[in-house]
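**Q** Take a look at the following structure, please.
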Amino acid sequence: MENIMFPNSIDSHLSQLEKINPVAFKAIEPRIARESFDCLAKLSRNEFTPEGRGSDYLDSIQLSLLARSEGVMDLLGKMHPNGRDGLCSSLIFCDLLAGDGYVNKVAHQLLGEARCPSFINSDVSKFMVDRCIRDGLFATWQGATDPFWIKDGSVDGVLMAYGTHHIPRAGRATAVRAAARILRPGGIFVLHDFEEGSPTARWFADVVSTHSVTPHDYPHFTAGEVLDLFAAAPFDDVTVQRISDPFVFHGGDEESALQLLAEYVVKMYGLEKLRSRTQRVLALLDEYFGVVVARNAHGECEARIARNALVGSGRRV
Ligand SMILES: C[S@@+](CC[C@H](N)C(=O)[O-])C[C@H]1O[C@@H](n2cnc3c(N)ncnc32)[C@H](O)[C@@H]1O
């Protein structure tokens with residue numbers, strides 16, 4: 001069977017995945033239907049491509065892998081009943097909006113090989129999936145509303161984070177039901193986004209929309225919407241919380257930590273029109289989030305912006 005994503009064949013892609021991670025491979029559907037790819041090529045042309053802000057986005061991660069790690073580790077802890085202490089490589093976690101495998105990379109760096117879950121990184125952007133594979137990560141090309149690569153009841157945790165608002169409102173209930181389909185009973189689904197009316201949502205509407213290379217006009221989430229989404233799918237133990245999800249940077253002095261913060265934000269959001277305007281970027285960040293600079297216990301300067309995120313979680317019945 002041949003396909004545009006796979007210069008050789010789906011079969012050779014499957015054997016490559018099996019070599020990358022035999023544990024994660026257990027959740028992969030062995031018979032992928034050719035029709036499943038029909039709408040992917042169109043969906044893949046989103047803003048996370050080199051023509052949009054995809055390359056800049058990946059450059060932001062290169063600048064600082066751990067800038068968003070506090071929030072990431074909090075989310076991973078919610079994906080196991082024993083929190084972070086329960087995480088280990090025999091668990092299969094599917095990140096349905098994986099980008100270049102950011103959450104997988106942070107988990108691997110901070111938890112180490114033995115405690116890092118086996119990730120199935122999944123994204124609708126082929127550019128992002130190719131990047132995961134290039135970096136040696138287990139990755140599948142599929143949309144969050146139809147994770148057709150993954151067997152029913154086969155994974156221990158599902159994550160939708162850092163971009164769930166990109167799923168159109170009309171598709172969100174389908175995406176949550178799809179998460180339930182691939183989870184084993186007792187597995188945990190964590191949905192993360194930013195709250196309508198929050199500083200982050202306003203930052204997207206006011207700053208990203210006007211200064212980015214790509215428009216950013218996506219509805220975020222309300223706590224009620226998250227509850228309704230979980231209620232319409234087979235989940236119990238449902239919670240909706242607000243968590244702290246900051247950007248944090250370190251430098252030898254205040255100026256270098258702030259410079260890194262500004263560069264990161266310009267790249268992450270593709271803020272082309274603010275590219276060399278560090279002071280303006282910092283003023284905007286201070287206005288929307290508050291910028292705090294402090295010396296940490298190691299004598300380094302730490303620049304931090306406080307973001308809050310809305311997080312729903314539920315256990316597959
Ligand atoms: C803001 S990026 C976040 C990537 C990564 N989780 C991170 O934190 O760096 C959002 C990602 O979601 C992907 N995406 C958008 N809509 C999607 C959909 N409907 N299904 C799957 N992936 C989608 C984009 O291609 C992009 O890679």
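Convention: chains lettered A, B, ... in structure tokens order; per-chain residue numbering from 1; ligands numbered from 1 as shown.
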Dump as JSON lines the rows for residues of chain A within 9 Å of ligand 1: closest atom pair and distance in Å with one decimal, only C-alpha atoms and all ligand atoms counted, ordered by chain and rising residue number.
**A**
```
{"residue": "A:Leu43", "atom": "CA", "partner": "ligand 1", "partner_atom_place_in_ligand_line": "19 (N)", "distance": 7.7}
{"residue": "A:Ser44", "atom": "CA", "partner": "ligand 1", "partner_atom_place_in_ligand_line": "25 (O)", "distance": 7.1}
{"residue": "A:Arg45", "atom": "CA", "partner": "ligand 1", "partner_atom_place_in_ligand_line": "25 (O)", "distance": 8.5}
{"residue": "A:Asn46", "atom": "CA", "partner": "ligand 1", "partner_atom_place_in_ligand_line": "25 (O)", "distance": 6.4}
{"residue": "A:Glu47", "atom": "CA", "partner": "ligand 1", "partner_atom_place_in_ligand_line": "25 (O)", "distance": 7.1}
{"residue": "A:Phe48", "atom": "CA", "partner": "ligand 1", "partner_atom_place_in_ligand_line": "25 (O)", "distance": 5.0}
{"residue": "A:Thr49", "atom": "CA", "partner": "ligand 1", "partner_atom_place_in_ligand_line": "25 (O)", "distance": 7.7}
{"residue": "A:Gly54", "atom": "CA", "partner": "ligand 1", "partner_atom_place_in_ligand_line": "27 (O)", "distance": 7.6}
{"residue": "A:Tyr57", "atom": "CA", "partner": "ligand 1", "partner_atom_place_in_ligand_line": "9 (O)", "distance": 7.7}
{"residue": "A:Leu58", "atom": "CA", "partner": "ligand 1", "partner_atom_place_in_ligand_line": "9 (O)", "distance": 7.7}
{"residue": "A:Ile61", "atom": "CA", "partner": "ligand 1", "partner_atom_place_in_ligand_line": "9 (O)", "distance": 7.3}
{"residue": "A:Arg68", "atom": "CA", "partner": "ligand 1", "partner_atom_place_in_ligand_line": "8 (O)", "distance": 8.1}
{"residue": "A:Val72", "atom": "CA", "partner": "ligand 1", "partner_atom_place_in_ligand_line": "8 (O)", "distance": 8.3}
{"residue": "A:Asp95", "atom": "CA", "partner": "ligand 1", "partner_atom_place_in_ligand_line": "6 (N)", "distance": 7.5}
{"residue": "A:Leu96", "atom": "CA", "partner": "ligand 1", "partner_atom_place_in_ligand_line": "21 (C)", "distance": 5.7}
{"residue": "A:Leu97", "atom": "CA", "partner": "ligand 1", "partner_atom_place_in_ligand_line": "12 (O)", "distance": 4.1}
{"residue": "A:Ala98", "atom": "CA", "partner": "ligand 1", "partner_atom_place_in_ligand_line": "6 (N)", "distance": 4.2}
{"residue": "A:Gly99", "atom": "CA", "partner": "ligand 1", "partner_atom_place_in_ligand_line": "27 (O)", "distance": 3.5}
{"residue": "A:Asp100", "atom": "CA", "partner": "ligand 1", "partner_atom_place_in_ligand_line": "5 (C)", "distance": 6.4}
{"residue": "A:Gly101", "atom": "CA", "partner": "ligand 1", "partner_atom_place_in_ligand_line": "5 (C)", "distance": 6.3}
{"residue": "A:Tyr102", "atom": "CA", "partner": "ligand 1", "partner_atom_place_in_ligand_line": "9 (O)", "distance": 4.8}
{"residue": "A:Val103", "atom": "CA", "partner": "ligand 1", "partner_atom_place_in_ligand_line": "6 (N)", "distance": 6.2}
{"residue": "A:Ser122", "atom": "CA", "partner": "ligand 1", "partner_atom_place_in_ligand_line": "21 (C)", "distance": 6.7}
{"residue": "A:Asp123", "atom": "CA", "partner": "ligand 1", "partner_atom_place_in_ligand_line": "22 (N)", "distance": 4.0}
{"residue": "A:Val124", "atom": "CA", "partner": "ligand 1", "partner_atom_place_in_ligand_line": "21 (C)", "distance": 4.1}
{"residue": "A:Ser125", "atom": "CA", "partner": "ligand 1", "partner_atom_place_in_ligand_line": "25 (O)", "distance": 4.3}
{"residue": "A:Lys126", "atom": "CA", "partner": "ligand 1", "partner_atom_place_in_ligand_line": "25 (O)", "distance": 7.9}
{"residue": "A:Phe127", "atom": "CA", "partner": "ligand 1", "partner_atom_place_in_ligand_line": "25 (O)", "distance": 8.1}
{"residue": "A:Met128", "atom": "CA", "partner": "ligand 1", "partner_atom_place_in_ligand_line": "27 (O)", "distance": 5.8}
{"residue": "A:Val129", "atom": "CA", "partner": "ligand 1", "partner_atom_place_in_ligand_line": "27 (O)", "distance": 8.3}
{"residue": "A:Trp141", "atom": "CA", "partner": "ligand 1", "partner_atom_place_in_ligand_line": "21 (C)", "distance": 8.3}
{"residue": "A:Gln142", "atom": "CA", "partner": "ligand 1", "partner_atom_place_in_ligand_line": "21 (C)", "distance": 6.3}
{"residue": "A:Gly143", "atom": "CA", "partner": "ligand 1", "partner_atom_place_in_ligand_line": "20 (N)", "distance": 3.5}
{"residue": "A:Ala144", "atom": "CA", "partner": "ligand 1", "partner_atom_place_in_ligand_line": "20 (N)", "distance": 3.8}
{"residue": "A:Thr145", "atom": "CA", "partner": "ligand 1", "partner_atom_place_in_ligand_line": "19 (N)", "distance": 6.3}
{"residue": "A:Asp146", "atom": "CA", "partner": "ligand 1", "partner_atom_place_in_ligand_line": "20 (N)", "distance": 8.2}
{"residue": "A:Pro147", "atom": "CA", "partner": "ligand 1", "partner_atom_place_in_ligand_line": "20 (N)", "distance": 8.6}
{"residue": "A:Met160", "atom": "CA", "partner": "ligand 1", "partner_atom_place_in_ligand_line": "6 (N)", "distance": 7.8}
{"residue": "A:Ala161", "atom": "CA", "partner": "ligand 1", "partner_atom_place_in_ligand_line": "6 (N)", "distance": 5.8}
{"residue": "A:Tyr162", "atom": "CA", "partner": "ligand 1", "partner_atom_place_in_ligand_line": "3 (C)", "distance": 4.8}
{"residue": "A:Gly163", "atom": "CA", "partner": "ligand 1", "partner_atom_place_in_ligand_line": "10 (C)", "distance": 4.2}
{"residue": "A:Thr164", "atom": "CA", "partner": "ligand 1", "partner_atom_place_in_ligand_line": "12 (O)", "distance": 7.0}
{"residue": "A:His165", "atom": "CA", "partner": "ligand 1", "partner_atom_place_in_ligand_line": "16 (N)", "distance": 7.9}
{"residue": "A:His166", "atom": "CA", "partner": "ligand 1", "partner_atom_place_in_ligand_line": "16 (N)", "distance": 4.7}
{"residue": "A:Ile167", "atom": "CA", "partner": "ligand 1", "partner_atom_place_in_ligand_line": "19 (N)", "distance": 4.7}
{"residue": "A:Pro168", "atom": "CA", "partner": "ligand 1", "partner_atom_place_in_ligand_line": "19 (N)", "distance": 7.6}
{"residue": "A:Gly171", "atom": "CA", "partner": "ligand 1", "partner_atom_place_in_ligand_line": "19 (N)", "distance": 8.2}
{"residue": "A:Arg172", "atom": "CA", "partner": "ligand 1", "partner_atom_place_in_ligand_line": "19 (N)", "distance": 8.9}
{"residue": "A:Ala175", "atom": "CA", "partner": "ligand 1", "partner_atom_place_in_ligand_line": "19 (N)", "distance": 8.3}
{"residue": "A:Met268", "atom": "CA", "partner": "ligand 1", "partner_atom_place_in_ligand_line": "1 (C)", "distance": 8.3}
{"residue": "A:Tyr269", "atom": "CA", "partner": "ligand 1", "partner_atom_place_in_ligand_line": "1 (C)", "distance": 8.7}
```
**Q** I want to know what sits within 8 Å of region 252-258 of chain A, based on only C-alpha atoms, with residues of the same chain fewer than 4 positions away left out; could you give that as an MDAnalysis selection string?
**A** chainID A and resid 262 282 293 300:303
**Q** Nearest to Lys151 (chain A): which of A:Lys26, A:Lys105, A:Arg115, A:Arg177 is it, counting only C-alpha atoms?
**A** A:Lys26
**Q** Enumerate, as a ChimeraX atom specification, the complete set of residues in region 69-144 of chain A that a backbone-based DSSP assignment places in helix (DSSP H, G or I).
**A** /A:69-78,83-86,102-111,126-134
**Q** Could you give me, as a list in words, the residues within 8 Å of region 275-277 of chain A, counting only C-alpha atoms and dropping anything in the same chain fewer than 3 positions from it?
**A** Glu263, Val266, Leu271, Glu272, Arg280 and Val281 of chain A
**Q** For those residues, write C-alpha atoms to a file as a tab-separated table (two decimals), in the first residue's frame.
**A**
```
chain	number	residue	atom	x	y	z
A	263	GLU	CA	12.95	35.94	21.59
A	266	VAL	CA	8.37	36.17	19.15
A	271	LEU	CA	5.31	37.70	15.87
A	272	GLU	CA	7.03	38.90	12.69
A	280	ARG	CA	7.93	46.41	23.14
A	281	VAL	CA	7.49	42.62	23.47
```
**Q** Give me the residues near region 211-223 of chain A as a PyMOL selection string, where near means some atom within 8 Å (using only C-alpha atoms) and where sequence neighbours in that chain fewer than 2 positions away do not count.
**A** chain A and resi 47+52-53+165-166+168-169+193-196+201+204-205+207-209+225-227+240+269-274+310
**Q** For the residues in the current selection, export N, CA and C atoms as a PDB file, in the first residue's frame.
**A**
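Below you can see out.pdb, which holds the result:
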```pdb
ATOM      1  N   GLU A  47      -1.442  26.153  10.085  1.00  0.00           N
ATOM      2  CA  GLU A  47      -0.388  27.159  10.255  1.00  0.00           C
ATOM      3  C   GLU A  47       0.924  26.576  10.763  1.00  0.00           C
ATOM      4  N   GLY A  52       3.673  28.657   7.280  1.00  0.00           N
ATOM      5  CA  GLY A  52       3.017  29.407   8.357  1.00  0.00           C
ATOM      6  C   GLY A  52       4.038  29.734   9.432  1.00  0.00           C
ATOM      7  N   ARG A  53       3.725  29.371  10.697  1.00  0.00           N
ATOM      8  CA  ARG A  53       4.684  29.665  11.762  1.00  0.00           C
ATOM      9  C   ARG A  53       5.330  28.396  12.320  1.00  0.00           C
ATOM     10  N   HIS A 165      -7.516  24.546  21.245  1.00  0.00           N
ATOM     11  CA  HIS A 165      -8.424  25.513  20.601  1.00  0.00           C
ATOM     12  C   HIS A 165      -8.343  25.448  19.070  1.00  0.00           C
ATOM     13  N   HIS A 166      -7.294  24.805  18.519  1.00  0.00           N
ATOM     14  CA  HIS A 166      -7.217  24.668  17.058  1.00  0.00           C
ATOM     15  C   HIS A 166      -8.250  23.673  16.528  1.00  0.00           C
ATOM     16  N   PRO A 168     -11.793  22.888  15.756  1.00  0.00           N
ATOM     17  CA  PRO A 168     -13.009  23.716  15.677  1.00  0.00           C
ATOM     18  C   PRO A 168     -14.055  23.239  16.687  1.00  0.00           C
ATOM     19  N   ARG A 169     -14.847  24.185  17.208  1.00  0.00           N
ATOM     20  CA  ARG A 169     -15.856  23.833  18.231  1.00  0.00           C
ATOM     21  C   ARG A 169     -16.698  22.643  17.802  1.00  0.00           C
ATOM     22  N   ASP A 193      -6.398  23.673  27.835  1.00  0.00           N
ATOM     23  CA  ASP A 193      -6.415  24.832  26.943  1.00  0.00           C
ATOM     24  C   ASP A 193      -6.460  26.097  27.796  1.00  0.00           C
ATOM     25  N   PHE A 194      -6.706  27.200  27.155  1.00  0.00           N
ATOM     26  CA  PHE A 194      -6.781  28.453  27.889  1.00  0.00           C
ATOM     27  C   PHE A 194      -8.234  28.902  27.934  1.00  0.00           C
ATOM     28  N   GLU A 195      -8.553  29.630  29.009  1.00  0.00           N
ATOM     29  CA  GLU A 195      -9.949  29.953  29.270  1.00  0.00           C
ATOM     30  C   GLU A 195     -10.355  31.214  28.512  1.00  0.00           C
ATOM     31  N   GLU A 196     -11.550  31.184  27.939  1.00  0.00           N
ATOM     32  CA  GLU A 196     -12.100  32.381  27.296  1.00  0.00           C
ATOM     33  C   GLU A 196     -12.006  33.547  28.280  1.00  0.00           C
ATOM     34  N   ALA A 201      -5.992  34.141  26.449  1.00  0.00           N
ATOM     35  CA  ALA A 201      -6.947  34.247  25.333  1.00  0.00           C
ATOM     36  C   ALA A 201      -6.920  35.673  24.771  1.00  0.00           C
ATOM     37  N   PHE A 204      -3.831  36.191  22.609  1.00  0.00           N
ATOM     38  CA  PHE A 204      -4.016  35.652  21.261  1.00  0.00           C
ATOM     39  C   PHE A 204      -4.863  36.609  20.419  1.00  0.00           C
ATOM     40  N   ALA A 205      -5.962  37.085  21.012  1.00  0.00           N
ATOM     41  CA  ALA A 205      -6.904  37.911  20.236  1.00  0.00           C
ATOM     42  C   ALA A 205      -6.302  39.276  19.888  1.00  0.00           C
ATOM     43  N   VAL A 207      -2.796  40.479  20.502  1.00  0.00           N
ATOM     44  CA  VAL A 207      -1.388  40.618  20.096  1.00  0.00           C
ATOM     45  C   VAL A 207      -1.041  39.648  18.962  1.00  0.00           C
ATOM     46  N   VAL A 208      -1.350  38.359  19.158  1.00  0.00           N
ATOM     47  CA  VAL A 208      -0.970  37.380  18.132  1.00  0.00           C
ATOM     48  C   VAL A 208      -1.714  37.685  16.830  1.00  0.00           C
ATOM     49  N   SER A 209      -3.006  37.960  16.934  1.00  0.00           N
ATOM     50  CA  SER A 209      -3.787  38.225  15.711  1.00  0.00           C
ATOM     51  C   SER A 209      -3.252  39.404  14.925  1.00  0.00           C
ATOM     52  N   GLU A 225     -17.884  24.327  29.106  1.00  0.00           N
ATOM     53  CA  GLU A 225     -17.723  23.558  27.859  1.00  0.00           C
ATOM     54  C   GLU A 225     -16.901  22.296  28.120  1.00  0.00           C
ATOM     55  N   VAL A 226     -15.842  22.433  28.921  1.00  0.00           N
ATOM     56  CA  VAL A 226     -14.997  21.257  29.220  1.00  0.00           C
ATOM     57  C   VAL A 226     -15.831  20.207  29.962  1.00  0.00           C
ATOM     58  N   LEU A 227     -16.604  20.651  30.942  1.00  0.00           N
ATOM     59  CA  LEU A 227     -17.450  19.697  31.683  1.00  0.00           C
ATOM     60  C   LEU A 227     -18.445  19.002  30.757  1.00  0.00           C
ATOM     61  N   VAL A 240     -12.412  19.666  36.631  1.00  0.00           N
ATOM     62  CA  VAL A 240     -11.947  20.797  35.819  1.00  0.00           C
ATOM     63  C   VAL A 240     -11.239  21.750  36.780  1.00  0.00           C
ATOM     64  N   TYR A 269       5.010  32.504  18.702  1.00  0.00           N
ATOM     65  CA  TYR A 269       3.766  32.992  18.103  1.00  0.00           C
ATOM     66  C   TYR A 269       3.972  33.584  16.705  1.00  0.00           C
ATOM     67  N   GLY A 270       5.198  33.478  16.176  1.00  0.00           N
ATOM     68  CA  GLY A 270       5.470  34.027  14.833  1.00  0.00           C
ATOM     69  C   GLY A 270       5.196  35.521  14.762  1.00  0.00           C
ATOM     70  N   LEU A 271       5.630  36.272  15.795  1.00  0.00           N
ATOM     71  CA  LEU A 271       5.308  37.703  15.866  1.00  0.00           C
ATOM     72  C   LEU A 271       6.261  38.521  14.980  1.00  0.00           C
ATOM     73  N   GLU A 272       6.125  38.310  13.675  1.00  0.00           N
ATOM     74  CA  GLU A 272       7.028  38.897  12.692  1.00  0.00           C
ATOM     75  C   GLU A 272       7.159  40.418  12.885  1.00  0.00           C
ATOM     76  N   LYS A 273       6.016  41.068  13.154  1.00  0.00           N
ATOM     77  CA  LYS A 273       6.046  42.535  13.210  1.00  0.00           C
ATOM     78  C   LYS A 273       6.710  43.060  14.483  1.00  0.00           C
ATOM     79  N   LEU A 274       7.046  42.164  15.421  1.00  0.00           N
ATOM     80  CA  LEU A 274       7.710  42.614  16.660  1.00  0.00           C
ATOM     81  C   LEU A 274       9.111  42.015  16.774  1.00  0.00           C
ATOM     82  N   LEU A 310      -6.683  26.039  31.730  1.00  0.00           N
ATOM     83  CA  LEU A 310      -7.873  25.306  32.163  1.00  0.00           C
ATOM     84  C   LEU A 310      -7.630  23.839  31.812  1.00  0.00           C
TER      85      LEU A 310
END
```
**Q** Which residues come within 7 Å of region 84-94 of chain A, counting only C-alpha atoms, excluding same-chain residues fewer than 4 positions away, as a list in words?
**A**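 With the cut-off at 7 Å, the set is Val23, Ala24, Leu76, Gly77, His80, Ala114, Arg115, Cys116, Pro117, Ser118, Phe119, Ile120, Asn121, Val155, Asp156, Gly157, Val158 and Leu159 of chain A.
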**Q** Export, as a short mmCIF file (atom, residue, chain, number, x, y, z; two decimals), in the first residue's frame, the selected residues with C-alpha atoms.
**A**
```cif
data_model
loop_
_atom_site.label_atom_id
_atom_site.label_comp_id
_atom_site.auth_asym_id
_atom_site.auth_seq_id
_atom_site.Cartn_x
_atom_site.Cartn_y
_atom_site.Cartn_z
CA VAL A 23 5.63 -0.90 23.69
CA ALA A 24 3.84 1.96 21.92
CA LEU A 76 1.67 14.37 33.06
CA GLY A 77 1.13 13.90 36.80
CA HIS A 80 -1.77 8.66 36.39
CA ALA A 114 12.90 4.30 32.67
CA ARG A 115 10.18 6.62 33.96
CA CYS A 116 9.22 8.32 30.71
CA PRO A 117 5.95 6.83 29.37
CA SER A 118 5.99 5.36 25.84
CA PHE A 119 4.53 8.19 23.78
CA ILE A 120 2.53 7.95 20.60
CA ASN A 121 3.05 11.45 19.22
CA VAL A 155 -3.58 3.34 25.61
CA ASP A 156 -3.20 4.30 29.28
CA GLY A 157 -3.40 8.05 28.84
CA VAL A 158 -4.49 10.60 26.24
CA LEU A 159 -3.38 14.22 26.20
#
```
**Q** Apply DSSP to the structure's backbone, then extract all residues of region 70-246 of chain A labelled strand (DSSP E or B) and return them as a PyMOL selection string.
**A** chain A and resi 92-95+118-123+139-141+150+155-160+183-193+195+221+235-244
**Q** When you count only C-alpha atoms, which of these residues is closest to Ile32 (chain A): A:Arg307, A:Arg131, A:Arg181, A:His13?
**A** A:His13
